[in-house]
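Asker: This is protein.tsv (TSV, C-alpha atoms).
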```tsv
chain	number	residue	atom	x	y	z
H	1	MET	CA	-84.41	87.49	109.84
H	2	GLU	CA	-80.87	86.14	110.03
H	3	ILE	CA	-79.77	84.03	112.98
H	4	LYS	CA	-76.26	82.83	113.81
H	5	VAL	CA	-76.24	79.31	115.22
H	6	LEU	CA	-73.25	77.96	117.16
H	7	PHE	CA	-72.58	74.25	117.70
H	8	PHE	CA	-70.34	73.03	120.51
H	9	GLY	CA	-68.70	69.83	121.68
H	10	VAL	CA	-69.98	66.66	120.05
H	11	LEU	CA	-72.57	68.71	118.14
H	12	ALA	CA	-69.82	70.63	116.32
H	13	GLU	CA	-68.39	67.24	115.38
H	14	ILE	CA	-71.62	65.72	114.00
H	15	THR	CA	-72.63	68.91	112.14
H	16	LYS	CA	-69.01	69.38	110.98
H	17	THR	CA	-69.34	73.09	111.71
H	18	ARG	CA	-68.85	75.44	114.66
H	19	PHE	CA	-71.28	78.09	113.42
H	20	LYS	CA	-73.67	78.72	110.61
H	21	HIS	CA	-75.88	81.63	109.51
H	22	TYR	CA	-79.52	80.88	108.76
H	23	ARG	CA	-81.39	83.42	106.63
H	24	ASP	CA	-85.13	84.08	106.22
H	25	ILE	CA	-85.97	82.56	109.59
H	26	THR	CA	-89.54	83.29	110.66
H	27	SER	CA	-89.49	81.91	114.22
H	28	TYR	CA	-87.53	79.76	116.64
H	29	ASP	CA	-89.62	76.76	115.60
H	30	ASP	CA	-88.76	77.43	111.97
H	31	LEU	CA	-85.05	77.56	112.87
H	32	ARG	CA	-85.23	74.41	114.97
H	33	LEU	CA	-86.89	72.44	112.16
H	34	ARG	CA	-84.41	73.67	109.57
H	35	ILE	CA	-81.53	72.54	111.76
H	36	GLN	CA	-83.15	69.16	112.35
H	37	ASP	CA	-83.76	68.73	108.61
H	38	GLU	CA	-80.15	69.53	107.86
H	39	PHE	CA	-78.66	67.49	110.72
H	40	PRO	CA	-81.21	64.75	111.51
H	41	GLU	CA	-78.83	62.96	113.89
H	42	ILE	CA	-78.92	65.93	116.28
H	43	VAL	CA	-82.16	64.63	117.82
H	44	HIS	CA	-80.22	61.69	119.30
H	45	TYR	CA	-78.12	63.98	121.51
H	46	ASN	CA	-78.84	65.84	124.75
H	47	TYR	CA	-78.35	69.57	124.54
H	48	ARG	CA	-79.46	72.89	125.92
H	49	ILE	CA	-80.04	76.10	124.00
H	50	ALA	CA	-78.62	79.53	124.78
H	51	LEU	CA	-79.91	82.76	123.26
H	52	ASN	CA	-77.21	85.46	123.19
H	53	SER	CA	-75.22	83.62	125.93
H	54	GLU	CA	-78.22	83.01	128.22
H	55	ILE	CA	-79.65	79.51	128.67
H	56	ILE	CA	-83.34	79.39	127.76
H	57	ASN	CA	-85.93	76.85	128.83
H	58	GLU	CA	-88.79	77.98	126.60
H	59	ASP	CA	-88.99	78.75	122.90
H	60	PRO	CA	-87.80	82.35	122.57
H	61	GLU	CA	-88.98	85.22	120.41
H	62	LEU	CA	-86.10	85.75	117.98
H	63	LYS	CA	-84.97	89.02	116.47
H	64	ASN	CA	-82.61	89.69	113.59
H	65	GLU	CA	-78.93	88.82	114.28
H	66	ASP	CA	-79.66	86.89	117.47
H	67	GLU	CA	-77.16	84.16	118.35
H	68	ILE	CA	-78.41	80.69	119.23
H	69	ALA	CA	-76.05	78.10	120.74
H	70	TYR	CA	-76.56	74.32	120.75
H	71	MET	CA	-74.74	73.11	123.87
H	72	PRO	CA	-74.20	69.48	124.95
H	73	PRO	CA	-73.87	68.82	128.72
H	74	PHE	CA	-70.97	70.81	130.16
H	75	ALA	CA	-67.63	69.21	130.99
H	76	GLY	CA	-65.43	71.94	132.45
H	77	GLY	CA	-62.78	71.47	135.11
Z	1	MET	CA	-65.24	94.41	134.59
Z	2	LYS	CA	-65.77	91.00	133.02
Z	3	GLU	CA	-62.50	89.31	132.20
Z	4	SER	CA	-61.64	86.29	130.15
Z	5	ILE	CA	-60.62	83.40	132.35
Z	6	LEU	CA	-59.59	81.20	129.41
Z	7	ILE	CA	-56.00	80.22	128.70
Z	8	ASN	CA	-54.77	78.48	125.57
Z	9	GLY	CA	-53.23	75.17	126.57
Z	10	PRO	CA	-52.33	74.23	130.16
Z	11	VAL	CA	-52.24	76.82	132.95
Z	12	PRO	CA	-48.48	77.57	132.93
Z	13	LYS	CA	-46.48	76.70	136.06
Z	14	ALA	CA	-44.82	80.15	135.86
Z	15	MET	CA	-48.23	81.84	135.99
Z	16	ILE	CA	-49.23	79.74	139.00
Z	17	SER	CA	-45.97	80.68	140.74
Z	18	SER	CA	-46.37	84.39	140.11
Z	19	LEU	CA	-49.99	84.37	141.34
Z	20	LEU	CA	-48.88	82.59	144.52
Z	21	GLU	CA	-45.96	85.00	145.00
Z	22	ALA	CA	-48.36	87.96	144.84
Z	23	LEU	CA	-50.50	86.63	147.69
Z	24	GLY	CA	-48.53	88.38	150.41
Z	25	ASN	CA	-49.46	91.79	149.02
Z	26	ASP	CA	-52.81	91.56	150.79
Z	27	THR	CA	-51.87	91.50	154.47
Z	28	GLY	CA	-55.55	91.53	155.42
Z	29	ALA	CA	-55.90	87.95	154.21
Z	30	GLY	CA	-55.45	85.20	156.80
Z	31	GLY	CA	-55.87	82.22	154.47
Z	32	HIS	CA	-55.69	81.24	150.83
Z	33	SER	CA	-57.33	78.18	149.36
Z	34	LEU	CA	-56.02	76.82	146.07
Z	35	PHE	CA	-57.52	74.21	143.77
Z	36	LEU	CA	-55.59	72.89	140.77
Z	37	GLY	CA	-57.45	70.63	138.35
Z	38	GLN	CA	-55.12	68.24	136.54
Z	39	VAL	CA	-55.73	66.08	133.49
Z	40	ARG	CA	-55.83	62.47	134.66
Z	41	ALA	CA	-54.55	59.57	132.54
Z	42	ASP	CA	-57.76	57.54	132.89
Z	43	VAL	CA	-57.89	54.13	131.26
Z	44	THR	CA	-61.13	53.22	129.45
Z	45	ASP	CA	-61.47	49.85	127.67
Z	46	GLY	CA	-57.69	49.49	127.70
Z	47	ARG	CA	-57.11	52.95	126.22
Z	48	ARG	CA	-55.11	55.45	128.27
Z	49	VAL	CA	-55.88	59.19	128.10
Z	50	LYS	CA	-52.87	61.16	126.82
Z	51	ALA	CA	-54.60	64.57	126.67
Z	52	ILE	CA	-57.89	66.43	126.87
Z	53	GLU	CA	-59.01	68.87	124.22
Z	54	TYR	CA	-61.17	71.59	125.78
Z	55	SER	CA	-63.49	73.86	123.82
Z	56	ALA	CA	-65.63	76.69	125.15
Z	57	TYR	CA	-68.38	79.16	124.31
Z	58	GLU	CA	-66.09	82.07	125.13
Z	59	ALA	CA	-68.64	84.90	125.37
Z	60	MET	CA	-70.83	82.85	127.67
Z	61	VAL	CA	-67.86	81.66	129.75
Z	62	MET	CA	-67.10	85.31	130.52
Z	63	GLU	CA	-70.71	85.96	131.56
Z	64	GLU	CA	-70.97	82.80	133.67
Z	65	ALA	CA	-67.57	83.24	135.34
Z	66	ASP	CA	-68.60	86.75	136.32
Z	67	LYS	CA	-71.88	85.42	137.77
Z	68	ILE	CA	-70.00	82.71	139.70
Z	69	LYS	CA	-67.60	85.28	141.20
Z	70	LYS	CA	-70.47	87.60	142.16
Z	71	SER	CA	-72.49	84.81	143.76
Z	72	ILE	CA	-69.47	83.59	145.77
Z	73	ILE	CA	-68.63	87.11	146.93
Z	74	ALA	CA	-72.30	87.60	147.93
Z	75	GLU	CA	-72.34	84.31	149.88
Z	76	TYR	CA	-69.01	84.68	151.72
Z	77	ASP	CA	-68.53	88.06	153.39
Z	78	ASP	CA	-64.90	87.54	154.41
Z	79	LEU	CA	-63.42	87.10	150.90
Z	80	LYS	CA	-60.51	89.22	149.75
Z	81	SER	CA	-60.06	87.93	146.20
Z	82	ILE	CA	-61.09	85.21	143.78
Z	83	ILE	CA	-59.13	84.12	140.72
Z	84	ILE	CA	-60.35	81.55	138.17
Z	85	LEU	CA	-58.37	80.30	135.14
Z	86	HIS	CA	-59.52	77.54	132.77
Z	87	SER	CA	-57.79	75.97	129.77
Z	88	VAL	CA	-59.02	75.71	126.21
Z	89	GLY	CA	-57.27	73.61	123.58
Z	90	ILE	CA	-55.00	70.68	124.28
Z	91	VAL	CA	-53.87	69.87	127.85
Z	92	ASN	CA	-51.70	66.78	128.32
Z	93	ALA	CA	-52.11	64.28	131.16
Z	94	GLY	CA	-50.38	65.64	134.24
Z	95	GLU	CA	-50.85	69.28	133.22
Z	96	ILE	CA	-53.12	71.81	134.94
Z	97	SER	CA	-56.42	72.75	133.27
Z	98	LEU	CA	-58.17	74.61	136.12
Z	99	PHE	CA	-56.86	77.11	138.67
Z	100	VAL	CA	-59.02	78.50	141.49
Z	101	LEU	CA	-57.48	80.68	144.19
Z	102	ILE	CA	-59.54	82.24	146.98
Z	103	SER	CA	-58.19	84.56	149.64
Z	104	ALA	CA	-60.17	85.36	152.75
Z	105	GLY	CA	-59.73	86.88	156.16
Z	106	HIS	CA	-60.04	83.45	157.76
Z	107	ARG	CA	-59.50	79.84	156.65
Z	108	HIS	CA	-63.05	78.44	156.79
Z	109	GLN	CA	-64.47	80.86	154.27
Z	110	ALA	CA	-61.42	80.45	151.99
Z	111	MET	CA	-61.83	76.65	151.93
Z	112	GLN	CA	-65.62	76.62	151.64
Z	113	ALA	CA	-65.70	79.28	148.91
Z	114	CYS	CA	-63.00	77.46	146.94
Z	115	SER	CA	-64.93	74.19	147.03
Z	116	LYS	CA	-68.18	75.92	146.05
Z	117	THR	CA	-66.48	77.79	143.20
Z	118	VAL	CA	-65.10	74.56	141.71
Z	119	GLU	CA	-68.56	72.94	141.86
Z	120	LEU	CA	-70.15	75.96	140.15
Z	121	ILE	CA	-67.47	75.90	137.43
Z	122	LYS	CA	-68.26	72.25	136.69
Z	123	GLU	CA	-72.00	72.93	136.65
Z	124	LYS	CA	-72.25	76.33	134.95
Z	125	LEU	CA	-69.33	76.97	132.60
Z	126	PRO	CA	-70.03	76.18	128.94
Z	127	VAL	CA	-66.87	74.13	128.42
Z	128	TRP	CA	-66.58	70.76	126.69
Z	129	LYS	CA	-63.87	68.13	126.81
Z	130	LYS	CA	-62.79	65.39	124.51
Z	131	GLU	CA	-60.44	62.76	125.86
Z	132	ILE	CA	-57.70	61.83	123.43
Z	133	PHE	CA	-56.20	58.39	123.97
Z	134	GLU	CA	-52.68	57.15	123.33
Z	135	ASN	CA	-53.93	55.22	120.27
Z	136	ASN	CA	-55.30	58.54	118.89
Z	137	THR	CA	-58.96	57.60	119.29
Z	138	SER	CA	-61.11	60.05	121.24
Z	139	GLU	CA	-64.28	60.30	123.30
Z	140	TRP	CA	-66.46	63.19	124.55
Z	141	ARG	CA	-66.98	63.46	128.31
Z	142	GLN	CA	-69.54	65.27	130.44
Z	143	ASN	CA	-69.69	66.28	134.11
Z	144	TYR	CA	-73.31	65.51	134.87
Z	145	GLN	CA	-75.95	63.35	133.24
Z	146	ALA	CA	-78.29	65.56	131.22
```
Spit out the file's structure as structure tokens when you get a sec.
Answerer:
Amino acid sequence: MEIKVLFFGVLAEITKTRFKHYRDITSYDDLRLRIQDEFPEIVHYNYRIALNSEIINEDPELKNEDEIAYMPPFAGG
Amino acid sequence: MKESILINGPVPKAMISSLLEALGNDTGAGGHSLFLGQVRADVTDGRRVKAIEYSAYEAMVMEEADKIKKSIIAEYDDLKSIIILHSVGIVNAGEISLFVLISAGHRHQAMQACSKTVELIKEKLPVWKKEIFENNTSEWRQNYQA
């Protein structure tokens, strides 16, 4: 399946991209490991994950064209 | 209907004025509470902030702002209206980046709901800020420790 991944805040800076499409993803774990392989420094940052604009606390079941967001701690206001 | 609350650049003074001028249209309101968040020229290690660059996950901001409004309306039964505006992009020191205006039948609910709304915005809205200093270096900031 194809998953769109968004990077925000400092994570957009270290990955040098705001979004990226990942193809042939088999599971969330597969996606996570591919991102970590591509951007190893990401493990040094705090972040939360959203699936289609909802924060998730457990590894989700992904379906084709889902949107995953890597979000550093919020800083609005 | 879910609405975008995001504004490119600072919340314009003219927009603030027109929103305040419209308040009298609701004669059932007995109090309005207004919060304006302003970019502060903090000094860190001798560097003074000249601006903040905000970025946002726009689709999620719309969802979360809608949830915040619904939860505030559910908690305070005397509310007449709630308006939230937040900047994205560059906002210079001294300019307004957050606007919250709550109207209620009576003052206590207006003031309490306004304070609660600002706290929820800081906690829940997927917005990020980078401080830009006068020497053109920059640093990411966060509201709460993760």
Asker: Closest to Glu58 (chain H) among H:Phe39, H:Tyr70, H:Tyr28, H:Tyr45, using only C-alpha atoms?
Answerer: H:Tyr28
Asker: At a cut-off of 9 Å, using all atoms listed in the file, what residues contact Arg48 (chain Z)? Leave out same-chain residues fewer than 4 positions from it and give the result as a PDB file with C-alpha atoms, keeping the file's coordinate frame.
Answerer:
```pdb
ATOM      1  CA  ALA Z  41     -54.550  59.570 132.540  1.00  0.00           C
ATOM      2  CA  ASP Z  42     -57.760  57.540 132.890  1.00  0.00           C
ATOM      3  CA  VAL Z  43     -57.890  54.130 131.260  1.00  0.00           C
ATOM      4  CA  THR Z  44     -61.130  53.220 129.450  1.00  0.00           C
ATOM      5  CA  ILE Z 132     -57.700  61.830 123.430  1.00  0.00           C
ATOM      6  CA  PHE Z 133     -56.200  58.390 123.970  1.00  0.00           C
ATOM      7  CA  GLU Z 134     -52.680  57.150 123.330  1.00  0.00           C
ATOM      8  CA  ASN Z 135     -53.930  55.220 120.270  1.00  0.00           C
TER       9      ASN Z 135
END
```
Asker: Contacts from chain Z to chain H, 6 Å maximum, all atoms listed in the file: show me the residue list as a PyMOL selection string.
Answerer: chain Z and resi 60+98+122+126-129+142-143
Asker: Pull C-alpha atoms from the residues just selected and write them as a CSV table (one decimal), in the coordinates of the input.
Answerer:
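Here's the written file result00.csv:
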```csv
chain,number,residue,atom,x,y,z
Z,60,MET,CA,-70.8,82.8,127.7
Z,98,LEU,CA,-58.2,74.6,136.1
Z,122,LYS,CA,-68.3,72.2,136.7
Z,126,PRO,CA,-70.0,76.2,128.9
Z,127,VAL,CA,-66.9,74.1,128.4
Z,128,TRP,CA,-66.6,70.8,126.7
Z,129,LYS,CA,-63.9,68.1,126.8
Z,142,GLN,CA,-69.5,65.3,130.4
Z,143,ASN,CA,-69.7,66.3,134.1
```
Asker: In Å, rounded to a single decimal, give me how far CA of Asp26 (chain Z) is from CA of His108 (chain Z).
Answerer: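 Going from CA of His108 (chain Z) over to CA of Asp26 (chain Z) covers 17.7 Å.
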Asker: Taking all atoms of region 95-111 of chain Z that the file lists, what box with edges along x, y and z, padded by 3 Å per side, do you get, with centre and edge lengths in Å to one decimal, as AutoDock Vina command-line options?
Answerer:
```
--center_x -57.7 --center_y 78.1 --center_z 145.5 --size_x 19.6 --size_y 23.6 --size_z 30.5
```
Asker: How far is it from CA of Val61 (chain Z) to CA of Pro12 (chain Z), in Å with one decimal?
Answerer: 20.1 Å
Asker: Can you rebuild region 23-34 of chain H with N, CA and C atoms and give it as a short mmCIF file (atom, residue, chain, number, x, y, z; two decimals), in the frame of the given file?
Answerer:
```cif
data_model
loop_
_atom_site.label_atom_id
_atom_site.label_comp_id
_atom_site.auth_asym_id
_atom_site.auth_seq_id
_atom_site.Cartn_x
_atom_site.Cartn_y
_atom_site.Cartn_z
N ARG H 23 -80.68 82.23 107.11
CA ARG H 23 -81.39 83.42 106.63
C ARG H 23 -82.88 83.12 106.46
N ASP H 24 -83.66 84.16 106.42
CA ASP H 24 -85.13 84.08 106.22
C ASP H 24 -85.80 83.19 107.27
N ILE H 25 -85.35 83.30 108.48
CA ILE H 25 -85.97 82.56 109.59
C ILE H 25 -87.21 83.34 110.05
N THR H 26 -88.30 82.60 110.25
CA THR H 26 -89.54 83.29 110.66
C THR H 26 -89.80 83.16 112.16
N SER H 27 -89.25 82.12 112.79
CA SER H 27 -89.49 81.91 114.22
C SER H 27 -88.47 80.91 114.74
N TYR H 28 -88.43 80.75 116.06
CA TYR H 28 -87.53 79.76 116.64
C TYR H 28 -87.87 78.36 116.15
N ASP H 29 -89.18 78.07 116.06
CA ASP H 29 -89.62 76.76 115.60
C ASP H 29 -89.14 76.50 114.16
N ASP H 30 -89.23 77.52 113.36
CA ASP H 30 -88.76 77.43 111.97
C ASP H 30 -87.26 77.09 111.95
N LEU H 31 -86.49 77.79 112.78
CA LEU H 31 -85.05 77.56 112.87
C LEU H 31 -84.76 76.13 113.32
N ARG H 32 -85.44 75.73 114.38
CA ARG H 32 -85.23 74.41 114.97
C ARG H 32 -85.46 73.31 113.91
N LEU H 33 -86.55 73.46 113.17
CA LEU H 33 -86.89 72.44 112.16
C LEU H 33 -85.89 72.45 111.00
N ARG H 34 -85.41 73.63 110.65
CA ARG H 34 -84.41 73.67 109.57
C ARG H 34 -83.11 73.01 110.00
#
```
